[in-house]
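> One structure follows; several queries about it will come next.
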Amino acid sequence: MPRQLFPALRGLLVPRAAAPAAPAPVETKDLLAGGGVYTSMSYAGVTNVWGTPGRADGWDMERVITEGYERSIWTFKSVEAISKHASTLPIQIGRGGDEREFAEVLEDHPILRLLNKKANPLETGDVFKKRLSAQLLLSKKGVFVEKTFSRGGVLTRLDLLPPDRVQIIPDDENASYVKHFEFTDYAGHIRELKPKNVIWLRDPHPTDPFCGVTPLEAAGLSVDLDIKARTYNISFIDNDGRPGGVIGIDLDGVDSGEVDRIQKRLAPGAHNAGQLTLVGTGPGGVSYVDTSARPREMAYETLSSVAKNEILSAFGVYESIIGNASERTFNNADREEWNFWSHTELPHLKLIASAFDPDLSDDWEIRFDTSGVQALEFPRRQAREEARKEFEAGLITVDEYRKIAGRRPFNVPQTRALWISPQKAPIPATKQDAIELGLAEPPGLGGGPGMGPGATVPAIGGGESAAAAVAAARALEPGPSAADDVAAARGQAPLELPAGQGNTAADDVAAARSTVAEAPSGEATADVARARTTLSEQQQPGPAHEDVDAARRAETKALAGQGFEVTDADYDALAETVEEALTALLAKQEGVITARIRAPKIRKHTRFWEPEYDHDTRGGDANLDQDRVVSAARWAEETTNVLAPLLQRAATRTARTLGRALTGTDTVPAAAIAAALVTAAYAGDAVTTFLSELTDVLRDAQDAPDLDLESLVHTVGGFYNAAVPALVARVAETCAVSTINGAADAAAESAGPDIVRTWITRQDDRVRPAHKALHGTTLPVGTPYTAEGFQLRYPGDPFAPIALTINCRCRLHYDTDD
């Protein structure tokens, strides 16, 4: 008979040196009246009273492995499911950041080399982590890891000690809890280990600091039940092997040899199970007995299922985790996997990682890298999906969504604003954002939407005509036209002073109209007075009428004939701004790259490492990782973020100016802002190309055998001195042309279908032939130009081939289609 596993595995707490005793009696459990401690009496009559010191000393680890782990499929699969993740996940050391990603990661440390590569001469880091995890789940005493240091104090080796061969020696004065550890090796020798050289890790016991807990304690009875039920069925099949049915007949007159042959059909064994067997009965009798499964045998299925569920529950493992996801929907299986990681695996991994924290400085933290675990994305996916719905409904901003999604906010006006469906109209977060979004007038631009930057209020003199005063007032703020004023005067309509301070030209004209009697006499005044006298006395048009008509004709001519055209000053101002910002950014970039070359973390294990002491082993013969030094992706993103606000402001001004010139409005379409963002992204790509060239230069420079660190720094400085001026000039000119032309074209297309535009070049030797052919070509807004078989929406179109846009200085003249 196989050995008994002890109910609840508590009977395993048997001293290894205990003398053999009589077979174990039937287990009895009792609550002692003396102190309420639990007594388990089983296995060779040995009694262990729970609540006394050294409760983990009798934990028979060998029996736990052979009978609890190797023979119980559910225990085995539970331990495997938990420990395999600990073995495959890499270890990270870092600081800052959040639970998903460190802000700064330590690339090299002895613990990383031991746990991720080679723990000791016999075990890789993965094997070591799996064994450690399994021991933590099975050992009540805990896990003991011996640390080996070099003469220089560097951690060089980790070894797992068998828990049943380690004895914990408490401190006599209970000051440090542990005085030392005693380890009995396989040769029988006892070694004394100092606490600083041992990592003692256990799942803590609620009351006993010298003891741990294991799921096998709670699942002991279930493990016993599962093993015994299986053993019973195997023994039944081997020894009983009952047939599927028995037929009884009258054997009178049947030869005894034939009877023996029939009786042999009842021989035990699995190969005889399920057969019909013929046996003898009384004279003339025939009977049939069905020996198929009875309720007693069917109870095994229920017991086996209950034992399985109890074991898996004790370990916190779902059946779908160990490979059986039947009878579950995809959502339920995903939820079970997330529950397993969240409630079982992550706390287990954190407990293991925390054991190595004392070997790190205070500001560094060690943990398993779970960033690639898809199951942990389950709640984050739900949060992102809910956030997307809220963004589409206009309840949160782009920046708020990016925070929920774990991404860095853009922090620009467009991403700080709420966009209300269905028109996606922005609601700015601040007054400055409203200005940059084109929803408010910048300070210092003057009175009304028809007034451009730098415009001045014209003075009204005594010799000016009424038409001139009306035209001047109209240029400042919206109001009735001159024709409306004259019509109102003829109808003797009451006039009201406009709200405000009354110091604009419009106020002066309104005040003059309301007090006609006090106005200075003149031809215009006489005309208006006669018009107010009566409607029946229509007079011939006078000088005021002629002045009004002339003003209206001049206004129409200015709108239809003058049009809008970006000037060289617009391009030059924006290009100068971009040059300043880009020059400062590249200077910062050069300083950061130079500092990274000199950084010890970058130089470690390379030929540029300078030893700090005689036996410094952190040097090497490798080259610097130039990709890590340069970090092109980071600088491309920073370039885009720096230039985007500058280009957006220029695009907003251009769109407003064009709108005022063509339609009298200053609305800024979203496409104008988009042109600035696309151009900013182009600048980021240009910096990426620039840094790729620097990466190649660093790679080639390190091929020199005698290159020192300062020579490498000078190489970086020489590259920036030679390449930055041309890069800055090219990017600045391209950004200026692309942003201003793109914003103007978007505003013109938004103004209406009756707008046309004409391609204008500088008409000098720098103009490329393809653009010379387009000079003077007029097309409706929205119709692209064609050059060398490619389409250009406007000069500097970022979606056109770079050969047709780089260093382009052309512009478009916009006008109404008369």
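Order determines the names: the first chain of the structure tokens is A, the second B, and so forth; residues in each chain are numbered 1 upward, and ligands are numbered 1 upward as they are shown.
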Set the distance at 9 Å and use only C-alpha atoms: which residues neighbour stretch 207-212 of chain A once local chain neighbours fewer than 4 positions away are removed? I'd like the list as an NGL selection string.
:A and (51 or 53-57 or 136 or 139-142 or 168 or 170 or 177-178 or 201-203)
> Would you list the contacts of A:Arg388 as a short mmCIF file (atom, residue, chain, number, x, y, z; two decimals) with all heavy atoms, in the first residue's frame, taking every protein, DNA or RNA residue within 12 Å and counting only C-alpha atoms, but skipping same-chain residues closer than 5 positions in sequence?

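This went into around06.cif:
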data_model
loop_
_atom_site.label_atom_id
_atom_site.label_comp_id
_atom_site.auth_asym_id
_atom_site.auth_seq_id
_atom_site.Cartn_x
_atom_site.Cartn_y
_atom_site.Cartn_z
N ARG A 381 -7.51 48.09 -21.28
CA ARG A 381 -8.29 48.15 -22.51
C ARG A 381 -9.68 48.68 -22.24
O ARG A 381 -10.23 49.50 -23.00
CB ARG A 381 -8.37 46.76 -23.16
CG ARG A 381 -7.10 46.29 -23.80
CD ARG A 381 -7.38 45.14 -24.77
NE ARG A 381 -8.06 44.04 -24.13
CZ ARG A 381 -7.44 42.99 -23.58
NH1 ARG A 381 -6.12 42.93 -23.60
NH2 ARG A 381 -8.12 42.01 -23.03
N GLN A 382 -10.29 48.21 -21.16
CA GLN A 382 -11.62 48.71 -20.80
C GLN A 382 -11.60 50.20 -20.50
O GLN A 382 -12.49 50.95 -20.92
CB GLN A 382 -12.15 47.93 -19.60
CG GLN A 382 -12.56 46.50 -19.91
CD GLN A 382 -13.21 45.83 -18.71
OE1 GLN A 382 -12.82 46.06 -17.57
NE2 GLN A 382 -14.19 44.99 -18.97
N ALA A 383 -10.55 50.66 -19.78
CA ALA A 383 -10.46 52.09 -19.46
C ALA A 383 -10.26 52.92 -20.73
O ALA A 383 -10.87 53.99 -20.87
CB ALA A 383 -9.30 52.32 -18.49
N ALA A 393 -17.78 61.90 -27.26
CA ALA A 393 -18.95 62.65 -26.80
C ALA A 393 -18.59 64.06 -26.35
O ALA A 393 -19.47 64.82 -25.95
CB ALA A 393 -19.63 61.90 -25.65
N GLY A 394 -17.30 64.41 -26.40
CA GLY A 394 -16.88 65.75 -26.01
C GLY A 394 -16.80 65.95 -24.51
O GLY A 394 -16.89 67.07 -24.03
N LEU A 395 -16.62 64.86 -23.74
CA LEU A 395 -16.59 64.97 -22.28
C LEU A 395 -15.18 65.12 -21.74
O LEU A 395 -14.99 65.63 -20.63
CB LEU A 395 -17.24 63.74 -21.64
CG LEU A 395 -18.71 63.50 -22.02
CD1 LEU A 395 -19.21 62.22 -21.38
CD2 LEU A 395 -19.57 64.69 -21.61
N ILE A 396 -14.17 64.65 -22.48
CA ILE A 396 -12.78 64.79 -22.05
C ILE A 396 -11.95 65.27 -23.22
O ILE A 396 -12.38 65.20 -24.38
CB ILE A 396 -12.21 63.46 -21.51
CG1 ILE A 396 -12.21 62.38 -22.61
CG2 ILE A 396 -12.97 62.99 -20.29
CD1 ILE A 396 -11.53 61.09 -22.17
N THR A 397 -10.75 65.77 -22.94
CA THR A 397 -9.86 66.28 -23.97
C THR A 397 -8.92 65.17 -24.45
O THR A 397 -8.86 64.08 -23.86
CB THR A 397 -9.03 67.45 -23.41
OG1 THR A 397 -8.16 66.95 -22.39
CG2 THR A 397 -9.94 68.52 -22.82
N VAL A 398 -8.17 65.50 -25.49
CA VAL A 398 -7.18 64.54 -25.99
C VAL A 398 -6.12 64.27 -24.93
O VAL A 398 -5.70 63.12 -24.73
CB VAL A 398 -6.54 65.07 -27.29
CG1 VAL A 398 -5.40 64.17 -27.73
CG2 VAL A 398 -7.57 65.19 -28.40
N ASP A 399 -5.67 65.32 -24.25
CA ASP A 399 -4.66 65.13 -23.21
C ASP A 399 -5.16 64.27 -22.07
O ASP A 399 -4.43 63.43 -21.53
CB ASP A 399 -4.21 66.49 -22.66
CG ASP A 399 -3.24 67.18 -23.60
OD1 ASP A 399 -2.77 66.52 -24.55
OD2 ASP A 399 -2.96 68.37 -23.41
N GLU A 400 -6.44 64.45 -21.68
CA GLU A 400 -7.00 63.61 -20.62
C GLU A 400 -7.09 62.16 -21.07
O GLU A 400 -6.84 61.24 -20.28
CB GLU A 400 -8.38 64.14 -20.23
CG GLU A 400 -8.34 65.45 -19.47
CD GLU A 400 -9.71 66.04 -19.24
OE1 GLU A 400 -10.61 65.81 -20.09
OE2 GLU A 400 -9.89 66.74 -18.23
N TYR A 401 -7.43 61.94 -22.34
CA TYR A 401 -7.46 60.56 -22.84
C TYR A 401 -6.06 59.96 -22.82
O TYR A 401 -5.88 58.80 -22.45
CB TYR A 401 -8.02 60.52 -24.26
CG TYR A 401 -7.82 59.18 -24.93
CD1 TYR A 401 -8.66 58.10 -24.62
CD2 TYR A 401 -6.78 58.97 -25.83
CE1 TYR A 401 -8.46 56.86 -25.19
CE2 TYR A 401 -6.58 57.74 -26.41
CZ TYR A 401 -7.42 56.69 -26.10
OH TYR A 401 -7.21 55.46 -26.65
N ARG A 402 -5.06 60.72 -23.22
CA ARG A 402 -3.70 60.19 -23.27
C ARG A 402 -3.20 59.85 -21.87
O ARG A 402 -2.44 58.89 -21.70
CB ARG A 402 -2.77 61.18 -23.96
CG ARG A 402 -3.04 61.33 -25.46
CD ARG A 402 -2.04 62.26 -26.11
NE ARG A 402 -0.70 61.73 -26.07
CZ ARG A 402 -0.21 60.86 -26.93
NH1 ARG A 402 -0.96 60.41 -27.92
NH2 ARG A 402 1.03 60.43 -26.83
N LYS A 403 -3.60 60.60 -20.87
CA LYS A 403 -3.22 60.25 -19.50
C LYS A 403 -3.84 58.91 -19.10
O LYS A 403 -3.19 58.07 -18.48
CB LYS A 403 -3.66 61.35 -18.54
CG LYS A 403 -2.85 62.64 -18.66
CD LYS A 403 -3.35 63.68 -17.66
CE LYS A 403 -2.55 64.97 -17.79
NZ LYS A 403 -3.05 66.01 -16.84
N ILE A 404 -5.11 58.73 -19.44
CA ILE A 404 -5.79 57.46 -19.11
C ILE A 404 -5.12 56.30 -19.85
O ILE A 404 -4.98 55.20 -19.33
CB ILE A 404 -7.27 57.55 -19.46
CG1 ILE A 404 -7.96 58.58 -18.55
CG2 ILE A 404 -7.96 56.19 -19.32
CD1 ILE A 404 -9.40 58.85 -18.93
N ALA A 405 -4.70 56.55 -21.10
CA ALA A 405 -4.06 55.51 -21.91
C ALA A 405 -2.61 55.29 -21.53
O ALA A 405 -1.95 54.44 -22.14
CB ALA A 405 -4.17 55.86 -23.40
#
> Do a neighbour search on A:Asp126 at 10 Å with only C-alpha atoms, toss out local chain neighbours closer than 3 positions, and write the hits as a PDB file with all heavy atoms, in the first residue's frame.

ATOM      1  N   LYS A  84       6.232  28.983 -13.639  1.00  0.00           N
ATOM      2  CA  LYS A  84       6.754  29.146 -15.004  1.00  0.00           C
ATOM      3  C   LYS A  84       6.804  30.621 -15.401  1.00  0.00           C
ATOM      4  O   LYS A  84       7.689  31.026 -16.166  1.00  0.00           O
ATOM      5  CB  LYS A  84       5.908  28.351 -15.990  1.00  0.00           C
ATOM      6  CG  LYS A  84       4.519  28.911 -16.229  1.00  0.00           C
ATOM      7  CD  LYS A  84       3.737  28.075 -17.227  1.00  0.00           C
ATOM      8  CE  LYS A  84       2.334  28.642 -17.458  1.00  0.00           C
ATOM      9  NZ  LYS A  84       1.545  27.819 -18.401  1.00  0.00           N
ATOM     10  N   HIS A  85       5.874  31.441 -14.874  1.00  0.00           N
ATOM     11  CA  HIS A  85       5.913  32.864 -15.191  1.00  0.00           C
ATOM     12  C   HIS A  85       7.086  33.540 -14.494  1.00  0.00           C
ATOM     13  O   HIS A  85       7.720  34.435 -15.060  1.00  0.00           O
ATOM     14  CB  HIS A  85       4.599  33.523 -14.789  1.00  0.00           C
ATOM     15  CG  HIS A  85       3.419  33.051 -15.567  1.00  0.00           C
ATOM     16  ND1 HIS A  85       3.302  33.220 -16.925  1.00  0.00           N
ATOM     17  CD2 HIS A  85       2.296  32.392 -15.176  1.00  0.00           C
ATOM     18  CE1 HIS A  85       2.168  32.704 -17.339  1.00  0.00           C
ATOM     19  NE2 HIS A  85       1.536  32.194 -16.309  1.00  0.00           N
ATOM     20  N   ALA A  86       7.360  33.106 -13.266  1.00  0.00           N
ATOM     21  CA  ALA A  86       8.516  33.666 -12.570  1.00  0.00           C
ATOM     22  C   ALA A  86       9.816  33.340 -13.296  1.00  0.00           C
ATOM     23  O   ALA A  86      10.781  34.106 -13.248  1.00  0.00           O
ATOM     24  CB  ALA A  86       8.564  33.147 -11.139  1.00  0.00           C
ATOM     25  N   SER A  87       9.851  32.218 -13.988  1.00  0.00           N
ATOM     26  CA  SER A  87      11.080  31.816 -14.682  1.00  0.00           C
ATOM     27  C   SER A  87      11.266  32.529 -16.011  1.00  0.00           C
ATOM     28  O   SER A  87      12.396  32.772 -16.435  1.00  0.00           O
ATOM     29  CB  SER A  87      11.072  30.297 -14.915  1.00  0.00           C
ATOM     30  OG  SER A  87      10.060  29.936 -15.854  1.00  0.00           O
ATOM     31  N   THR A  88      10.169  32.857 -16.690  1.00  0.00           N
ATOM     32  CA  THR A  88      10.285  33.426 -18.034  1.00  0.00           C
ATOM     33  C   THR A  88      10.322  34.954 -18.044  1.00  0.00           C
ATOM     34  O   THR A  88      10.807  35.547 -19.005  1.00  0.00           O
ATOM     35  CB  THR A  88       9.118  32.957 -18.908  1.00  0.00           C
ATOM     36  OG1 THR A  88       7.875  33.300 -18.271  1.00  0.00           O
ATOM     37  CG2 THR A  88       9.171  31.458 -19.109  1.00  0.00           C
ATOM     38  N   LEU A  89       9.801  35.595 -17.007  1.00  0.00           N
ATOM     39  CA  LEU A  89       9.783  37.063 -16.983  1.00  0.00           C
ATOM     40  C   LEU A  89      11.158  37.594 -16.590  1.00  0.00           C
ATOM     41  O   LEU A  89      11.745  37.132 -15.602  1.00  0.00           O
ATOM     42  CB  LEU A  89       8.730  37.575 -16.009  1.00  0.00           C
ATOM     43  CG  LEU A  89       7.273  37.320 -16.383  1.00  0.00           C
ATOM     44  CD1 LEU A  89       6.357  37.813 -15.271  1.00  0.00           C
ATOM     45  CD2 LEU A  89       6.921  38.003 -17.688  1.00  0.00           C
ATOM     46  N   PRO A  90      11.689  38.567 -17.316  1.00  0.00           N
ATOM     47  CA  PRO A  90      12.992  39.135 -16.941  1.00  0.00           C
ATOM     48  C   PRO A  90      12.871  40.036 -15.726  1.00  0.00           C
ATOM     49  O   PRO A  90      11.805  40.567 -15.411  1.00  0.00           O
ATOM     50  CB  PRO A  90      13.399  39.930 -18.199  1.00  0.00           C
ATOM     51  CG  PRO A  90      12.106  40.274 -18.854  1.00  0.00           C
ATOM     52  CD  PRO A  90      11.163  39.143 -18.573  1.00  0.00           C
ATOM     53  N   LEU A 114      22.781  37.779 -12.613  1.00  0.00           N
ATOM     54  CA  LEU A 114      22.546  36.483 -11.978  1.00  0.00           C
ATOM     55  C   LEU A 114      21.131  35.964 -12.248  1.00  0.00           C
ATOM     56  O   LEU A 114      20.946  34.785 -12.556  1.00  0.00           O
ATOM     57  CB  LEU A 114      22.787  36.597 -10.471  1.00  0.00           C
ATOM     58  CG  LEU A 114      24.240  36.880 -10.042  1.00  0.00           C
ATOM     59  CD1 LEU A 114      24.303  37.140  -8.551  1.00  0.00           C
ATOM     60  CD2 LEU A 114      25.151  35.722 -10.423  1.00  0.00           C
ATOM     61  N   LEU A 115      20.132  36.840 -12.120  1.00  0.00           N
ATOM     62  CA  LEU A 115      18.750  36.387 -12.256  1.00  0.00           C
ATOM     63  C   LEU A 115      18.282  36.300 -13.707  1.00  0.00           C
ATOM     64  O   LEU A 115      17.318  35.588 -14.002  1.00  0.00           O
ATOM     65  CB  LEU A 115      17.814  37.320 -11.481  1.00  0.00           C
ATOM     66  CG  LEU A 115      17.989  37.323  -9.962  1.00  0.00           C
ATOM     67  CD1 LEU A 115      16.999  38.271  -9.324  1.00  0.00           C
ATOM     68  CD2 LEU A 115      17.833  35.925  -9.393  1.00  0.00           C
ATOM     69  N   ASN A 116      18.925  37.019 -14.613  1.00  0.00           N
ATOM     70  CA  ASN A 116      18.509  36.979 -16.017  1.00  0.00           C
ATOM     71  C   ASN A 116      19.423  36.110 -16.880  1.00  0.00           C
ATOM     72  O   ASN A 116      19.013  35.719 -17.974  1.00  0.00           O
ATOM     73  CB  ASN A 116      18.463  38.392 -16.601  1.00  0.00           C
ATOM     74  CG  ASN A 116      17.330  39.218 -16.026  1.00  0.00           C
ATOM     75  OD1 ASN A 116      16.323  38.675 -15.576  1.00  0.00           O
ATOM     76  ND2 ASN A 116      17.477  40.528 -16.040  1.00  0.00           N
ATOM     77  N   LYS A 117      20.629  35.834 -16.405  1.00  0.00           N
ATOM     78  CA  LYS A 117      21.566  35.068 -17.243  1.00  0.00           C
ATOM     79  C   LYS A 117      22.043  33.790 -16.544  1.00  0.00           C
ATOM     80  O   LYS A 117      21.588  32.710 -16.855  1.00  0.00           O
ATOM     81  CB  LYS A 117      22.752  35.964 -17.629  1.00  0.00           C
ATOM     82  CG  LYS A 117      22.343  37.135 -18.525  1.00  0.00           C
ATOM     83  CD  LYS A 117      23.540  37.991 -18.916  1.00  0.00           C
ATOM     84  CE  LYS A 117      23.100  39.147 -19.828  1.00  0.00           C
ATOM     85  NZ  LYS A 117      24.249  40.011 -20.197  1.00  0.00           N
ATOM     86  N   LYS A 118      22.961  33.908 -15.584  1.00  0.00           N
ATOM     87  CA  LYS A 118      23.547  32.717 -14.966  1.00  0.00           C
ATOM     88  C   LYS A 118      23.608  32.928 -13.465  1.00  0.00           C
ATOM     89  O   LYS A 118      24.345  33.794 -12.963  1.00  0.00           O
ATOM     90  CB  LYS A 118      24.957  32.484 -15.529  1.00  0.00           C
ATOM     91  CG  LYS A 118      25.554  31.143 -15.210  1.00  0.00           C
ATOM     92  CD  LYS A 118      24.963  30.051 -16.079  1.00  0.00           C
ATOM     93  CE  LYS A 118      25.732  28.740 -15.900  1.00  0.00           C
ATOM     94  NZ  LYS A 118      25.124  27.650 -16.687  1.00  0.00           N
ATOM     95  N   ALA A 119      22.828  32.129 -12.715  1.00  0.00           N
ATOM     96  CA  ALA A 119      22.788  32.284 -11.266  1.00  0.00           C
ATOM     97  C   ALA A 119      23.977  31.607 -10.600  1.00  0.00           C
ATOM     98  O   ALA A 119      24.538  32.131  -9.642  1.00  0.00           O
ATOM     99  CB  ALA A 119      21.479  31.727 -10.712  1.00  0.00           C
ATOM    100  N   GLU A 123      23.020  26.378 -12.802  1.00  0.00           N
ATOM    101  CA  GLU A 123      21.688  26.841 -13.168  1.00  0.00           C
ATOM    102  C   GLU A 123      21.736  28.183 -13.890  1.00  0.00           C
ATOM    103  O   GLU A 123      22.484  29.091 -13.505  1.00  0.00           O
ATOM    104  CB  GLU A 123      20.813  26.999 -11.910  1.00  0.00           C
ATOM    105  CG  GLU A 123      20.543  25.701 -11.184  1.00  0.00           C
ATOM    106  CD  GLU A 123      19.780  25.930  -9.904  1.00  0.00           C
ATOM    107  OE1 GLU A 123      20.146  26.865  -9.161  1.00  0.00           O
ATOM    108  OE2 GLU A 123      18.824  25.183  -9.642  1.00  0.00           O
ATOM    109  N   LYS A 129      15.069  30.910 -10.948  1.00  0.00           N
ATOM    110  CA  LYS A 129      13.822  31.593 -10.559  1.00  0.00           C
ATOM    111  C   LYS A 129      12.657  30.611 -10.472  1.00  0.00           C
ATOM    112  O   LYS A 129      11.781  30.758  -9.607  1.00  0.00           O
ATOM    113  CB  LYS A 129      13.515  32.708 -11.559  1.00  0.00           C
ATOM    114  CG  LYS A 129      14.433  33.906 -11.452  1.00  0.00           C
ATOM    115  CD  LYS A 129      14.057  35.013 -12.417  1.00  0.00           C
ATOM    116  CE  LYS A 129      14.358  34.642 -13.855  1.00  0.00           C
ATOM    117  NZ  LYS A 129      14.150  35.754 -14.796  1.00  0.00           N
ATOM    118  N   LYS A 130      12.629  29.618 -11.345  1.00  0.00           N
ATOM    119  CA  LYS A 130      11.517  28.657 -11.277  1.00  0.00           C
ATOM    120  C   LYS A 130      11.613  27.807 -10.022  1.00  0.00           C
ATOM    121  O   LYS A 130      10.608  27.555  -9.346  1.00  0.00           O
ATOM    122  CB  LYS A 130      11.514  27.781 -12.524  1.00  0.00           C
ATOM    123  CG  LYS A 130      10.346  26.813 -12.532  1.00  0.00           C
ATOM    124  CD  LYS A 130      10.207  26.077 -13.841  1.00  0.00           C
ATOM    125  CE  LYS A 130       8.967  25.193 -13.789  1.00  0.00           C
ATOM    126  NZ  LYS A 130       8.770  24.392 -14.988  1.00  0.00           N
ATOM    127  N   ARG A 131      12.817  27.334  -9.701  1.00  0.00           N
ATOM    128  CA  ARG A 131      12.978  26.531  -8.487  1.00  0.00           C
ATOM    129  C   ARG A 131      12.668  27.352  -7.241  1.00  0.00           C
ATOM    130  O   ARG A 131      12.042  26.865  -6.297  1.00  0.00           O
ATOM    131  CB  ARG A 131      14.400  25.980  -8.412  1.00  0.00           C
ATOM    132  CG  ARG A 131      14.711  24.907  -9.449  1.00  0.00           C
ATOM    133  CD  ARG A 131      16.103  24.329  -9.238  1.00  0.00           C
ATOM    134  NE  ARG A 131      16.208  23.749  -7.914  1.00  0.00           N
ATOM    135  CZ  ARG A 131      17.219  23.972  -7.075  1.00  0.00           C
ATOM    136  NH1 ARG A 131      18.201  24.783  -7.424  1.00  0.00           N
ATOM    137  NH2 ARG A 131      17.262  23.394  -5.890  1.00  0.00           N
ATOM    138  N   LEU A 132      13.094  28.604  -7.236  1.00  0.00           N
ATOM    139  CA  LEU A 132      12.809  29.463  -6.083  1.00  0.00           C
ATOM    140  C   LEU A 132      11.303  29.639  -5.909  1.00  0.00           C
ATOM    141  O   LEU A 132      10.779  29.554  -4.789  1.00  0.00           O
ATOM    142  CB  LEU A 132      13.503  30.810  -6.285  1.00  0.00           C
ATOM    143  CG  LEU A 132      13.499  31.805  -5.123  1.00  0.00           C
ATOM    144  CD1 LEU A 132      14.707  32.733  -5.214  1.00  0.00           C
ATOM    145  CD2 LEU A 132      12.226  32.650  -5.103  1.00  0.00           C
TER     146      LEU A 132
END
> Can you work out which one of A:Thr156, A:Pro215, A:Asp334, A:Gly188 has the shortest atom-to-atom distance to A:Val64, counting only C-alpha atoms?
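Looking at the shortest contact to A:Val64, the residue is A:Pro215.
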> Can you work out which one of A:Thr606, A:Thr302, A:Thr688, A:Ser342 has the shortest atom-to-atom distance to A:Arg634, counting only C-alpha atoms?
A:Thr688
> Using only C-alpha atoms, I'd like a table of the residues in stretch 120-182 of chain A that come within 12 Å of stretch 100-110 of chain A; for each, show the closest atom pair and its distance in Å rounded to one decimal, ordered by chain and ascending number, as JSON lines.

{"residue": "A:Gly125", "atom": "CA", "partner": "A:Pro110", "partner_atom": "CA", "distance": 12.0}
{"residue": "A:Lys147", "atom": "CA", "partner": "A:Pro110", "partner_atom": "CA", "distance": 11.4}
{"residue": "A:Thr148", "atom": "CA", "partner": "A:Pro110", "partner_atom": "CA", "distance": 11.3}
{"residue": "A:Phe149", "atom": "CA", "partner": "A:Pro110", "partner_atom": "CA", "distance": 10.2}
{"residue": "A:Ser150", "atom": "CA", "partner": "A:Pro110", "partner_atom": "CA", "distance": 11.1}
{"residue": "A:Gly153", "atom": "CA", "partner": "A:Pro110", "partner_atom": "CA", "distance": 10.8}
{"residue": "A:Val154", "atom": "CA", "partner": "A:Pro110", "partner_atom": "CA", "distance": 7.2}
{"residue": "A:Leu155", "atom": "CA", "partner": "A:Pro110", "partner_atom": "CA", "distance": 5.9}
{"residue": "A:Thr156", "atom": "CA", "partner": "A:Pro110", "partner_atom": "CA", "distance": 6.8}
{"residue": "A:Arg157", "atom": "CA", "partner": "A:Pro110", "partner_atom": "CA", "distance": 8.9}
{"residue": "A:Leu158", "atom": "CA", "partner": "A:Pro110", "partner_atom": "CA", "distance": 10.5}
> Just N, CA, C and O atoms for this one: save the residues we selected as an mmCIF file, in the first residue's frame.

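Produced file result-v7.cif, reproduced below:
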data_model
loop_
_atom_site.group_PDB
_atom_site.id
_atom_site.type_symbol
_atom_site.label_atom_id
_atom_site.label_comp_id
_atom_site.auth_asym_id
_atom_site.auth_seq_id
_atom_site.Cartn_x
_atom_site.Cartn_y
_atom_site.Cartn_z
ATOM 1 N N GLY A 125 19.585 31.689 -14.983
ATOM 2 C CA GLY A 125 18.695 32.534 -14.204
ATOM 3 C C GLY A 125 17.258 32.060 -14.245
ATOM 4 O O GLY A 125 16.540 32.112 -13.238
ATOM 5 N N LYS A 147 24.209 33.761 -0.800
ATOM 6 C CA LYS A 147 24.862 34.752 -1.658
ATOM 7 C C LYS A 147 26.373 34.624 -1.519
ATOM 8 O O LYS A 147 26.896 34.500 -0.407
ATOM 9 N N THR A 148 27.047 34.672 -2.648
ATOM 10 C CA THR A 148 28.505 34.608 -2.667
ATOM 11 C C THR A 148 29.036 35.912 -3.247
ATOM 12 O O THR A 148 28.591 36.347 -4.320
ATOM 13 N N PHE A 149 29.992 36.527 -2.543
ATOM 14 C CA PHE A 149 30.558 37.809 -2.956
ATOM 15 C C PHE A 149 32.021 37.632 -3.338
ATOM 16 O O PHE A 149 32.719 36.735 -2.842
ATOM 17 N N SER A 150 32.474 38.499 -4.232
ATOM 18 C CA SER A 150 33.884 38.527 -4.580
ATOM 19 C C SER A 150 34.657 39.285 -3.495
ATOM 20 O O SER A 150 34.078 39.823 -2.554
ATOM 21 N N GLY A 153 33.564 42.711 -2.931
ATOM 22 C CA GLY A 153 32.211 42.919 -2.431
ATOM 23 C C GLY A 153 31.136 42.869 -3.483
ATOM 24 O O GLY A 153 30.010 43.311 -3.235
ATOM 25 N N VAL A 154 31.444 42.324 -4.674
ATOM 26 C CA VAL A 154 30.466 42.233 -5.752
ATOM 27 C C VAL A 154 29.762 40.882 -5.683
ATOM 28 O O VAL A 154 30.416 39.835 -5.529
ATOM 29 N N LEU A 155 28.449 40.883 -5.765
ATOM 30 C CA LEU A 155 27.667 39.660 -5.751
ATOM 31 C C LEU A 155 27.942 38.856 -7.016
ATOM 32 O O LEU A 155 27.733 39.343 -8.130
ATOM 33 N N THR A 156 28.418 37.628 -6.851
ATOM 34 C CA THR A 156 28.838 36.832 -8.013
ATOM 35 C C THR A 156 28.063 35.532 -8.185
ATOM 36 O O THR A 156 28.156 34.913 -9.249
ATOM 37 N N ARG A 157 27.279 35.116 -7.171
ATOM 38 C CA ARG A 157 26.639 33.794 -7.281
ATOM 39 C C ARG A 157 25.462 33.705 -6.331
ATOM 40 O O ARG A 157 25.474 34.265 -5.232
ATOM 41 N N LEU A 158 24.419 32.983 -6.769
ATOM 42 C CA LEU A 158 23.246 32.689 -5.953
ATOM 43 C C LEU A 158 22.984 31.192 -5.985
ATOM 44 O O LEU A 158 22.960 30.597 -7.065
#
